[in-house]
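See below for run-v3.cif, which holds mmCIF, C-alpha atoms.
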data_data
loop_
_atom_site.group_PDB
_atom_site.id
_atom_site.type_symbol
_atom_site.label_atom_id
_atom_site.label_comp_id
_atom_site.auth_asym_id
_atom_site.auth_seq_id
_atom_site.Cartn_x
_atom_site.Cartn_y
_atom_site.Cartn_z
ATOM 1 C CA MET A 1 26.883 50.682 84.118
ATOM 2 C CA ILE A 2 29.088 48.562 81.904
ATOM 3 C CA SER A 3 32.628 49.831 82.052
ATOM 4 C CA LEU A 4 35.572 49.383 79.752
ATOM 5 C CA GLN A 5 36.913 46.616 81.994
ATOM 6 C CA HIS A 6 33.883 44.419 81.323
ATOM 7 C CA TYR A 7 34.539 44.488 77.600
ATOM 8 C CA LEU A 8 38.256 43.902 78.054
ATOM 9 C CA ALA A 9 37.509 40.897 80.270
ATOM 10 C CA LEU A 10 35.063 39.554 77.672
ATOM 11 C CA GLY A 11 37.724 39.912 74.986
ATOM 12 C CA ALA A 12 40.261 38.134 77.177
ATOM 13 C CA ILE A 13 37.824 35.273 77.838
ATOM 14 C CA LEU A 14 37.132 34.877 74.114
ATOM 15 C CA PHE A 15 40.846 34.900 73.335
ATOM 16 C CA ALA A 16 41.527 32.294 76.039
ATOM 17 C CA ILE A 17 38.767 30.020 74.698
ATOM 18 C CA GLY A 18 40.334 30.337 71.260
ATOM 19 C CA VAL A 19 43.733 29.405 72.675
ATOM 20 C CA VAL A 20 42.234 26.326 74.334
ATOM 21 C CA GLY A 21 40.790 25.328 70.981
ATOM 22 C CA VAL A 22 44.081 25.749 69.144
ATOM 23 C CA LEU A 23 46.058 23.853 71.779
ATOM 24 C CA THR A 24 43.739 20.934 72.469
ATOM 25 C CA ARG A 25 41.818 20.144 69.284
ATOM 26 C CA ARG A 26 43.326 17.936 66.603
ATOM 27 C CA ASN A 27 41.082 18.769 63.643
ATOM 28 C CA ALA A 28 42.689 21.335 61.328
ATOM 29 C CA ILE A 29 39.351 22.979 60.501
ATOM 30 C CA LEU A 30 38.533 23.352 64.188
ATOM 31 C CA ILE A 31 41.901 24.969 64.786
ATOM 32 C CA LEU A 32 41.074 27.530 62.083
ATOM 33 C CA MET A 33 37.737 28.197 63.778
ATOM 34 C CA ALA A 34 39.473 28.700 67.120
ATOM 35 C CA ILE A 35 41.800 31.209 65.460
ATOM 36 C CA GLU A 36 38.716 33.111 64.311
ATOM 37 C CA LEU A 37 37.556 33.166 67.937
ATOM 38 C CA MET A 38 40.892 34.641 69.018
ATOM 39 C CA LEU A 39 40.659 37.327 66.340
ATOM 40 C CA ASN A 40 37.204 38.228 67.572
ATOM 41 C CA GLY A 41 38.427 38.534 71.127
ATOM 42 C CA VAL A 42 40.868 41.150 69.860
ATOM 43 C CA ASN A 43 38.132 42.825 67.812
ATOM 44 C CA ILE A 44 35.912 43.454 70.804
ATOM 45 C CA THR A 45 38.865 44.861 72.736
ATOM 46 C CA LEU A 46 39.639 47.290 69.913
ATOM 47 C CA ILE A 47 36.015 48.410 69.592
ATOM 48 C CA ALA A 48 35.698 48.916 73.348
ATOM 49 C CA PHE A 49 38.811 51.089 73.343
ATOM 50 C CA ALA A 50 37.543 53.016 70.320
ATOM 51 C CA ARG A 51 34.309 53.763 72.158
ATOM 52 C CA HIS A 52 35.889 54.768 75.434
ATOM 53 C CA ALA A 53 38.702 56.830 73.942
ATOM 54 C CA GLY A 54 36.384 58.647 71.530
ATOM 55 C CA ASN A 55 38.549 57.669 68.593
ATOM 56 C CA LEU A 56 37.284 55.786 65.559
ATOM 57 C CA THR A 57 40.663 54.383 64.501
ATOM 58 C CA GLY A 58 39.951 51.214 66.467
ATOM 59 C CA GLN A 59 36.871 50.553 64.374
ATOM 60 C CA ILE A 60 38.873 51.031 61.176
ATOM 61 C CA PHE A 61 41.392 48.510 62.477
ATOM 62 C CA VAL A 62 38.597 46.032 63.110
ATOM 63 C CA LEU A 63 37.486 46.408 59.502
ATOM 64 C CA PHE A 64 40.981 45.470 58.354
ATOM 65 C CA ILE A 65 41.144 42.590 60.834
ATOM 66 C CA ILE A 66 37.893 41.217 59.412
ATOM 67 C CA THR A 67 39.353 41.470 55.913
ATOM 68 C CA VAL A 68 42.548 39.697 56.938
ATOM 69 C CA ALA A 69 40.501 37.013 58.691
ATOM 70 C CA ALA A 70 38.534 36.419 55.506
ATOM 71 C CA ALA A 71 41.739 36.103 53.492
ATOM 72 C CA GLU A 72 43.264 33.835 56.119
ATOM 73 C CA ALA A 73 40.207 31.597 56.219
ATOM 74 C CA ALA A 74 40.166 31.275 52.420
ATOM 75 C CA VAL A 75 43.846 30.363 52.164
ATOM 76 C CA GLY A 76 43.730 28.149 55.266
ATOM 77 C CA LEU A 77 40.763 26.174 54.011
ATOM 78 C CA ALA A 78 42.403 25.802 50.594
ATOM 79 C CA LEU A 79 45.456 24.382 52.377
ATOM 80 C CA VAL A 80 43.186 22.026 54.325
ATOM 81 C CA ILE A 81 41.608 20.801 51.094
ATOM 82 C CA ALA A 82 45.020 20.270 49.502
ATOM 83 C CA LEU A 83 46.235 18.413 52.600
ATOM 84 C CA PHE A 84 43.184 16.195 52.689
ATOM 85 C CA ARG A 85 43.684 15.316 49.016
ATOM 86 C CA GLY A 86 47.332 14.425 49.514
ATOM 87 C CA ARG A 87 47.289 12.750 52.919
ATOM 88 C CA ASP A 88 43.673 11.767 53.530
ATOM 89 C CA THR A 89 43.629 13.125 57.075
ATOM 90 C CA LEU A 90 42.896 16.337 58.925
ATOM 91 C CA ASN A 91 44.525 15.297 62.179
ATOM 92 C CA VAL A 92 47.360 17.738 62.791
ATOM 93 C CA ASP A 93 49.251 15.090 64.765
ATOM 94 C CA GLU A 94 49.616 13.028 61.607
ATOM 95 C CA ILE A 95 50.784 15.936 59.484
ATOM 96 C CA HIS A 96 54.399 16.108 60.577
ATOM 97 C CA LEU A 97 56.293 16.288 57.313
ATOM 98 C CA LEU A 98 58.127 19.430 58.426
ATOM 99 C CA LYS A 99 58.881 18.111 61.898
ATOM 100 C CA TRP A 100 62.361 16.735 62.387
ATOM 101 C CA MET B 101 21.736 43.416 77.694
ATOM 102 C CA PHE B 102 25.497 43.209 77.945
ATOM 103 C CA VAL B 103 25.235 40.283 80.347
ATOM 104 C CA ILE B 104 22.784 38.353 78.174
ATOM 105 C CA LEU B 105 24.919 38.804 75.072
ATOM 106 C CA ALA B 106 28.103 37.992 76.967
ATOM 107 C CA VAL B 107 26.620 34.753 78.322
ATOM 108 C CA ILE B 108 25.479 33.744 74.821
ATOM 109 C CA LEU B 109 28.893 34.642 73.440
ATOM 110 C CA VAL B 110 30.962 32.745 76.010
ATOM 111 C CA GLY B 111 28.618 29.755 76.011
ATOM 112 C CA ALA B 112 28.647 29.463 72.236
ATOM 113 C CA SER B 113 32.432 29.843 72.153
ATOM 114 C CA LEU B 114 32.858 27.073 74.715
ATOM 115 C CA MET B 115 30.575 24.839 72.658
ATOM 116 C CA VAL B 116 32.691 25.562 69.556
ATOM 117 C CA VAL B 117 35.745 24.204 71.320
ATOM 118 C CA ALA B 118 33.980 21.354 73.128
ATOM 119 C CA GLN B 119 31.852 19.882 70.314
ATOM 120 C CA ARG B 120 33.055 16.669 68.734
ATOM 121 C CA ASN B 121 31.293 17.230 65.410
ATOM 122 C CA PRO B 122 32.835 20.067 63.335
ATOM 123 C CA VAL B 123 29.447 20.922 61.818
ATOM 124 C CA TYR B 124 27.988 21.719 65.253
ATOM 125 C CA SER B 125 31.122 23.700 66.052
ATOM 126 C CA ALA B 126 30.610 25.824 62.954
ATOM 127 C CA LEU B 127 26.955 26.437 63.829
ATOM 128 C CA PHE B 128 27.849 27.497 67.370
ATOM 129 C CA LEU B 129 30.521 29.755 65.925
ATOM 130 C CA ILE B 130 27.814 31.511 63.890
ATOM 131 C CA LEU B 131 25.850 32.018 67.123
ATOM 132 C CA ALA B 132 28.963 33.457 68.763
ATOM 133 C CA PHE B 133 29.461 35.876 65.876
ATOM 134 C CA LEU B 134 25.865 37.041 66.131
ATOM 135 C CA GLY B 135 26.306 37.669 69.854
ATOM 136 C CA LEU B 136 29.453 39.602 69.099
ATOM 137 C CA ALA B 137 27.586 41.721 66.549
ATOM 138 C CA GLY B 138 25.103 42.566 69.305
ATOM 139 C CA GLN B 139 27.972 43.676 71.520
ATOM 140 C CA PHE B 140 29.246 45.899 68.713
ATOM 141 C CA VAL B 141 25.852 47.579 68.476
ATOM 142 C CA LEU B 142 25.983 48.225 72.222
ATOM 143 C CA LEU B 143 29.380 49.847 71.658
ATOM 144 C CA GLN B 144 27.973 52.192 68.994
ATOM 145 C CA ALA B 145 29.798 50.426 66.178
ATOM 146 C CA GLN B 146 26.766 49.658 64.034
ATOM 147 C CA ILE B 147 28.662 49.492 60.762
ATOM 148 C CA ILE B 148 31.096 46.970 62.233
ATOM 149 C CA ALA B 149 28.165 44.915 63.523
ATOM 150 C CA VAL B 150 26.674 44.809 60.028
ATOM 151 C CA LEU B 151 30.038 43.831 58.566
ATOM 152 C CA GLN B 152 30.437 41.169 61.235
ATOM 153 C CA VAL B 153 27.134 39.548 60.280
ATOM 154 C CA LEU B 154 27.748 39.878 56.534
ATOM 155 C CA VAL B 155 31.375 38.823 56.353
ATOM 156 C CA TYR B 156 31.845 36.518 59.341
ATOM 157 C CA ALA B 157 28.460 34.913 59.916
ATOM 158 C CA GLY B 158 27.702 35.021 56.200
ATOM 159 C CA ALA B 159 30.727 34.515 54.009
ATOM 160 C CA ILE B 160 33.386 32.962 56.225
ATOM 161 C CA MET B 161 31.121 30.527 58.016
ATOM 162 C CA VAL B 162 29.544 29.378 54.751
ATOM 163 C CA LEU B 163 33.062 28.665 53.559
ATOM 164 C CA PHE B 164 33.823 26.701 56.737
ATOM 165 C CA LEU B 165 30.595 24.701 56.575
ATOM 166 C CA PHE B 166 31.162 24.027 52.890
ATOM 167 C CA VAL B 167 34.642 22.634 53.523
ATOM 168 C CA VAL B 168 33.512 20.593 56.533
ATOM 169 C CA MET B 169 30.761 18.978 54.515
ATOM 170 C CA LEU B 170 32.914 18.603 51.400
ATOM 171 C CA LEU B 171 35.667 16.750 53.206
ATOM 172 C CA ASN B 172 33.298 14.681 55.364
ATOM 173 C CA VAL B 173 35.963 13.661 57.845
ATOM 174 C CA ARG B 174 35.134 10.234 59.165
ATOM 175 C CA ASP B 175 38.145 9.357 61.308
ATOM 176 C CA ARG B 176 36.235 9.486 64.557
ATOM 177 C CA GLN B 177 38.505 6.923 66.165
ATOM 178 C CA ALA B 178 41.124 9.647 66.590
ATOM 179 C CA PRO B 179 41.547 9.735 70.386
ATOM 180 C CA GLU B 180 44.420 7.299 70.685
ATOM 181 C CA ALA B 181 46.313 8.027 73.846
ATOM 182 C CA LYS B 182 49.240 9.344 71.821
ATOM 183 C CA LEU B 183 49.386 12.785 73.356
ATOM 184 C CA ARG B 184 47.238 12.457 76.426
ATOM 185 C CA TRP B 185 49.052 15.151 78.379
ATOM 186 C CA GLN B 186 48.543 17.665 75.628
ATOM 187 C CA LYS B 187 45.053 18.671 76.717
ATOM 188 C CA LEU B 188 46.087 19.119 80.338
ATOM 189 C CA PHE B 189 49.127 21.196 79.426
ATOM 190 C CA GLY B 190 47.079 23.238 76.977
ATOM 191 C CA LEU B 191 44.526 24.037 79.659
ATOM 192 C CA ILE B 192 47.167 24.930 82.246
ATOM 193 C CA LEU B 193 49.049 27.194 79.834
ATOM 194 C CA THR B 194 45.822 28.879 78.782
ATOM 195 C CA ILE B 195 44.852 29.530 82.387
ATOM 196 C CA ILE B 196 48.262 31.101 82.990
ATOM 197 C CA LEU B 197 47.865 33.255 79.884
ATOM 198 C CA PHE B 198 44.363 34.286 80.906
ATOM 199 C CA GLY B 199 45.612 35.125 84.393
ATOM 200 C CA LEU B 200 48.284 37.411 82.954
ATOM 201 C CA VAL B 201 45.780 39.179 80.719
ATOM 202 C CA ALA B 202 43.250 39.435 83.542
ATOM 203 C CA VAL B 203 45.778 41.038 85.883
ATOM 204 C CA THR B 204 46.540 43.605 83.203
ATOM 205 C CA VAL B 205 42.870 44.262 82.527
ATOM 206 C CA ALA B 206 41.952 44.525 86.208
ATOM 207 C CA GLY B 207 44.557 47.233 86.740
ATOM 208 C CA GLU B 208 43.924 50.843 85.924
ATOM 209 C CA VAL B 209 43.519 51.541 82.226
ATOM 210 C CA ARG B 210 44.946 54.858 81.117
ATOM 211 C CA LEU B 211 43.283 55.937 77.918
ATOM 212 C CA GLY B 212 45.320 58.984 76.989
ATOM 213 C CA PRO B 213 43.728 62.114 75.548
ATOM 214 C CA GLN B 214 40.055 61.842 74.660
ATOM 215 C CA GLY B 215 39.407 61.859 70.919
ATOM 216 C CA GLU B 216 36.845 63.982 69.116
ATOM 217 C CA PHE B 217 34.213 61.255 68.642
ATOM 218 C CA THR B 218 32.518 61.109 72.010
ATOM 219 C CA PRO B 219 29.448 58.836 72.187
ATOM 220 C CA GLN B 220 27.058 61.810 72.011
ATOM 221 C CA ARG B 221 28.787 63.294 68.979
ATOM 222 C CA LEU B 222 28.923 59.904 67.292
ATOM 223 C CA ALA B 223 25.196 59.465 67.890
ATOM 224 C CA GLU B 224 24.286 62.727 66.185
ATOM 225 C CA LEU B 225 26.737 62.333 63.290
ATOM 226 C CA GLY B 226 25.949 58.690 62.583
ATOM 227 C CA ASN B 227 28.507 55.921 62.901
ATOM 228 C CA ALA B 228 28.478 54.853 59.259
ATOM 229 C CA GLN B 229 28.988 58.395 57.923
ATOM 230 C CA VAL B 230 31.934 59.151 60.200
ATOM 231 C CA PHE B 231 33.425 55.729 59.613
ATOM 232 C CA GLY B 232 33.214 56.060 55.843
ATOM 233 C CA LYS B 233 34.647 59.546 55.832
ATOM 234 C CA LEU B 234 37.595 58.440 57.924
ATOM 235 C CA LEU B 235 38.139 55.279 55.881
ATOM 236 C CA PHE B 236 38.250 57.078 52.547
ATOM 237 C CA THR B 237 40.435 59.977 53.661
ATOM 238 C CA ASP B 238 42.957 59.126 56.354
ATOM 239 C CA PHE B 239 43.061 55.392 55.677
ATOM 240 C CA LEU B 240 42.704 55.396 51.906
ATOM 241 C CA PHE B 241 46.081 53.799 51.274
ATOM 242 C CA LEU B 242 45.375 50.967 53.723
ATOM 243 C CA PHE B 243 42.013 50.472 52.069
ATOM 244 C CA GLU B 244 43.637 50.087 48.667
ATOM 245 C CA ALA B 245 46.315 47.798 50.087
ATOM 246 C CA THR B 246 43.514 45.609 51.422
ATOM 247 C CA SER B 247 42.254 45.071 47.900
ATOM 248 C CA VAL B 248 45.660 43.714 46.904
ATOM 249 C CA LEU B 249 45.596 41.448 49.952
ATOM 250 C CA LEU B 250 42.219 40.071 48.949
ATOM 251 C CA LEU B 251 43.421 39.509 45.386
ATOM 252 C CA VAL B 252 46.457 37.599 46.678
ATOM 253 C CA ALA B 253 44.261 35.500 48.954
ATOM 254 C CA MET B 254 41.874 34.747 46.095
ATOM 255 C CA ILE B 255 44.649 33.627 43.738
ATOM 256 C CA GLY B 256 46.388 31.727 46.518
ATOM 257 C CA ALA B 257 43.260 29.839 47.479
ATOM 258 C CA MET B 258 42.576 28.881 43.872
ATOM 259 C CA VAL B 259 46.149 27.734 43.244
ATOM 260 C CA LEU B 260 46.328 25.745 46.485
ATOM 261 C CA ALA B 261 43.011 23.999 46.063
ATOM 262 C CA ARG B 262 43.318 23.097 42.388
ATOM 263 C CA ARG B 263 43.534 19.451 41.529
ATOM 264 C CA ARG B 264 46.771 19.502 39.504
ATOM 265 C CA PRO B 265 49.612 21.994 39.823
ATOM 266 C CA LEU B 266 50.377 24.357 36.948
ATOM 267 C CA GLY B 267 52.457 22.837 34.164
ATOM 268 C CA ALA B 268 51.181 19.285 33.844
ATOM 269 C CA SER B 269 54.603 18.120 32.642
ATOM 270 C CA SER B 270 55.714 17.783 36.269
ATOM 271 C CA PRO B 271 53.187 15.635 38.083
ATOM 272 C CA PRO B 272 53.222 15.957 41.877
ATOM 273 C CA PRO B 273 55.379 13.061 43.061
ATOM 274 C CA ALA B 274 54.052 12.860 46.597
ATOM 275 C CA ALA B 275 50.388 13.021 45.736
ATOM 276 C CA SER B 276 50.496 10.576 42.824
ATOM 277 C CA SER B 277 52.551 7.970 44.643
ATOM 278 C CA ARG B 278 50.239 8.132 47.615
ATOM 279 C CA ALA B 279 47.106 7.840 45.541
ATOM 280 C CA ASP B 280 47.671 4.217 44.550
#
Entire entry expressed as structure tokens:
Amino acid sequence: MISLQHYLALGAILFAIGVVGVLTRRNAILILMAIELMLNGVNITLIAFARHAGNLTGQIFVLFIITVAAAEAAVGLALVIALFRGRDTLNVDEIHLLKW
Amino acid sequence: MFVILAVILVGASLMVVAQRNPVYSALFLILAFLGLAGQFVLLQAQIIAVLQVLVYAGAIMVLFLFVVMLLNVRDRQAPEAKLRWQKLFGLILTIILFGLVAVTVAGEVRLGPQGEFTPQRLAELGNAQVFGKLLFTDFLFLFEATSVLLLVAMIGAMVLARRRPLGASSPPPAASSRAD
């Protein structure tokens, strides 16, 4: 029998893989993809809790998280396009205009 | 079934992070999303699984693939040894973070009072019906607020990605000086 802990562990693993992606990759698009992975790790945690607590609010939250992820991806990719036009690179180590 | 889907999910996620080519990363991310949709079905969240396939694997990943192919990044010489410790530190910090989360997860989880939608009741009522009823009654305001969020994101994406800023009288100094 698959218990709640299995799903929580799966969510934690997904989140950790996403964190590895954000911390180690240099491509801005890949960092956005890793953020999507982190969001999905949270999604599966919420759905598992919704199932095991008999409460559908978690599923509603996941719907809103998916919406926010779509908005975030659209704006993030627009920023990436604007950056690539202006600076001709996607390497986040070379984009340090705001770094003092 | 859980184990098969979990292995697909974790494997695909690792490939997303490990691939050198962003196109392959995006394709593996689609595989990961499909595996996740399968998990949602196992958790009796069929409507969320459908939304996951439609919105994530469909819309968002098409957007990602489109941008990856549009920009056609060719600086493959990137790995100068500028920040060589970064990967190591990133991995160590992630392992610490995962350890903290795992300790919390492995402990006893107290769920609080059981809600009214037990798995049996959900099965006879139908997930989509209950979900819709809840969404359009208790969470109606949040639902409407989401539409504003999507409008803002739409306008923001169009403004950010346009070629020239509004009001052509003030040309962008940084972009134009860098172009030549």
#### Entry: Expansion of the PyMOL selection byres ((chain A and resi 54) around 6) into residues, as a PyMOL selection string
(chain A and resi 50-53+55) or (chain B and resi 214-218)
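Atom to atom, atom CA of B:Val230 and atom CA of B:Val252 stand 29.3 Å apart.
Residue nearest chain B within the list A:Leu83, A:Thr24, A:Phe15, A:Ile35: A:Thr24 [criterion: smallest interatomic distance, only C-alpha atoms].
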Closest-contact table, chain B side, partner chain A, 7 Å, counting all atoms listed in the file, as JSON lines:
{"residue": "B:Val110", "atom": "CA", "partner": "A:Leu14", "partner_atom": "CA", "distance": 6.8}
{"residue": "B:Ser113", "atom": "CA", "partner": "A:Ile17", "partner_atom": "CA", "distance": 6.8}
{"residue": "B:Leu114", "atom": "CA", "partner": "A:Ile17", "partner_atom": "CA", "distance": 6.6}
{"residue": "B:Val117", "atom": "CA", "partner": "A:Gly21", "partner_atom": "CA", "distance": 5.2}
{"residue": "B:Pro122", "atom": "CA", "partner": "A:Leu30", "partner_atom": "CA", "distance": 6.6}
{"residue": "B:Leu143", "atom": "CA", "partner": "A:Arg51", "partner_atom": "CA", "distance": 6.3}
{"residue": "B:Ile148", "atom": "CA", "partner": "A:Leu63", "partner_atom": "CA", "distance": 7.0}
{"residue": "B:Ile160", "atom": "CA", "partner": "A:Ala70", "partner_atom": "CA", "distance": 6.2}
{"residue": "B:Gln186", "atom": "CA", "partner": "A:Thr24", "partner_atom": "CA", "distance": 6.6}
{"residue": "B:Lys187", "atom": "CA", "partner": "A:Thr24", "partner_atom": "CA", "distance": 5.0}
{"residue": "B:Gly190", "atom": "CA", "partner": "A:Leu23", "partner_atom": "CA", "distance": 5.3}
{"residue": "B:Leu191", "atom": "CA", "partner": "A:Val20", "partner_atom": "CA", "distance": 6.2}
{"residue": "B:Thr194", "atom": "CA", "partner": "A:Ala16", "partner_atom": "CA", "distance": 6.1}
{"residue": "B:Phe198", "atom": "CA", "partner": "A:Ala16", "partner_atom": "CA", "distance": 6.0}
{"residue": "B:Val201", "atom": "CA", "partner": "A:Ala12", "partner_atom": "CA", "distance": 6.6}
{"residue": "B:Ala202", "atom": "CA", "partner": "A:Ala9", "partner_atom": "CA", "distance": 6.8}
{"residue": "B:Val205", "atom": "CA", "partner": "A:Gln5", "partner_atom": "CA", "distance": 6.4}
{"residue": "B:Ala206", "atom": "CA", "partner": "A:Gln5", "partner_atom": "CA", "distance": 6.9}
{"residue": "B:Leu211", "atom": "CA", "partner": "A:Ala53", "partner_atom": "CA", "distance": 6.1}
{"residue": "B:Gln214", "atom": "CA", "partner": "A:Ala53", "partner_atom": "CA", "distance": 5.2}
{"residue": "B:Gly215", "atom": "CA", "partner": "A:Gly54", "partner_atom": "CA", "distance": 4.5}
{"residue": "B:Glu216", "atom": "CA", "partner": "A:Gly54", "partner_atom": "CA", "distance": 5.9}
{"residue": "B:Phe217", "atom": "CA", "partner": "A:Gly54", "partner_atom": "CA", "distance": 4.5}
{"residue": "B:Thr218", "atom": "CA", "partner": "A:Gly54", "partner_atom": "CA", "distance": 4.6}
{"residue": "B:Pro219", "atom": "CA", "partner": "A:Gly54", "partner_atom": "CA", "distance": 7.0}
{"residue": "B:Leu235", "atom": "CA", "partner": "A:Ile60", "partner_atom": "CA", "distance": 6.8}
{"residue": "B:Leu250", "atom": "CA", "partner": "A:Ala71", "partner_atom": "CA", "distance": 6.1}
{"residue": "B:Ala253", "atom": "CA", "partner": "A:Ala71", "partner_atom": "CA", "distance": 5.2}
{"residue": "B:Gly256", "atom": "CA", "partner": "A:Val75", "partner_atom": "CA", "distance": 6.3}
{"residue": "B:Ala257", "atom": "CA", "partner": "A:Val75", "partner_atom": "CA", "distance": 4.8}
{"residue": "B:Leu260", "atom": "CA", "partner": "A:Ala78", "partner_atom": "CA", "distance": 5.7}
{"residue": "B:Ala261", "atom": "CA", "partner": "A:Ala78", "partner_atom": "CA", "distance": 4.9}
{"residue": "B:Ala275", "atom": "CA", "partner": "A:Gly86", "partner_atom": "CA", "distance": 5.1}
Would you export the selected residues with C-alpha atoms as a JSON list (two decimals), in the coordinates of the input, please?
[["chain", "number", "residue", "atom", "x", "y", "z"],
["B", 110, "VAL", "CA", 30.96, 32.74, 76.01],
["B", 113, "SER", "CA", 32.43, 29.84, 72.15],
["B", 114, "LEU", "CA", 32.86, 27.07, 74.72],
["B", 117, "VAL", "CA", 35.74, 24.20, 71.32],
["B", 122, "PRO", "CA", 32.84, 20.07, 63.34],
["B", 143, "LEU", "CA", 29.38, 49.85, 71.66],
["B", 148, "ILE", "CA", 31.10, 46.97, 62.23],
["B", 160, "ILE", "CA", 33.39, 32.96, 56.22],
["B", 186, "GLN", "CA", 48.54, 17.66, 75.63],
["B", 187, "LYS", "CA", 45.05, 18.67, 76.72],
["B", 190, "GLY", "CA", 47.08, 23.24, 76.98],
["B", 191, "LEU", "CA", 44.53, 24.04, 79.66],
["B", 194, "THR", "CA", 45.82, 28.88, 78.78],
["B", 198, "PHE", "CA", 44.36, 34.29, 80.91],
["B", 201, "VAL", "CA", 45.78, 39.18, 80.72],
["B", 202, "ALA", "CA", 43.25, 39.44, 83.54],
["B", 205, "VAL", "CA", 42.87, 44.26, 82.53],
["B", 206, "ALA", "CA", 41.95, 44.52, 86.21],
["B", 211, "LEU", "CA", 43.28, 55.94, 77.92],
["B", 214, "GLN", "CA", 40.06, 61.84, 74.66],
["B", 215, "GLY", "CA", 39.41, 61.86, 70.92],
["B", 216, "GLU", "CA", 36.84, 63.98, 69.12],
["B", 217, "PHE", "CA", 34.21, 61.26, 68.64],
["B", 218, "THR", "CA", 32.52, 61.11, 72.01],
["B", 219, "PRO", "CA", 29.45, 58.84, 72.19],
["B", 235, "LEU", "CA", 38.14, 55.28, 55.88],
["B", 250, "LEU", "CA", 42.22, 40.07, 48.95],
["B", 253, "ALA", "CA", 44.26, 35.50, 48.95],
["B", 256, "GLY", "CA", 46.39, 31.73, 46.52],
["B", 257, "ALA", "CA", 43.26, 29.84, 47.48],
["B", 260, "LEU", "CA", 46.33, 25.74, 46.48],
["B", 261, "ALA", "CA", 43.01, 24.00, 46.06],
["B", 275, "ALA", "CA", 50.39, 13.02, 45.74]]
Calculate, to one decimal in Å, the centre and edge lengths of the box along x, y and z of the file that holds all listed atoms of stretch 230-235 of chain B with 5 Å of margin on each side, and present them as lines of an AutoDock Vina configuration file.
center_x = 35.0
center_y = 57.4
center_z = 58.0
size_x = 16.2
size_y = 14.3
size_z = 14.4
### Query
To one decimal place, how far is atom CA of B:Leu165 from atom CA of A:Val92 in Å?
19.2 Å
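Of the residues listed (B:Val141, B:Ala245, B:Leu131, B:Leu234), B:Leu234 shows the shortest atom-to-atom separation from A:Gly58; distances use all atoms listed in the file.
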### Task
Go ahead and compute the interatomic distance for atom CA of B:Phe128 and atom CA of A:Thr45, in Å to one decimal.
21.3 Å
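Each of B:Ile147, B:Leu142, B:Leu225, B:Ile255 was compared to B:Leu105 using all atoms listed in the file, and B:Leu142 turns out to be the nearest.
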### Task
Can you pull out every residue within 10 Å of B:Asn121, counting all atoms listed in the file, but drop anything in the same chain fewer than 2 positions away, and send it as a list in words?
Leu30 of chain A; Val116, Ala118, Gln119, Val123, Tyr124, Ser125, Ala126, Val168, Val173 and Arg176 of chain B
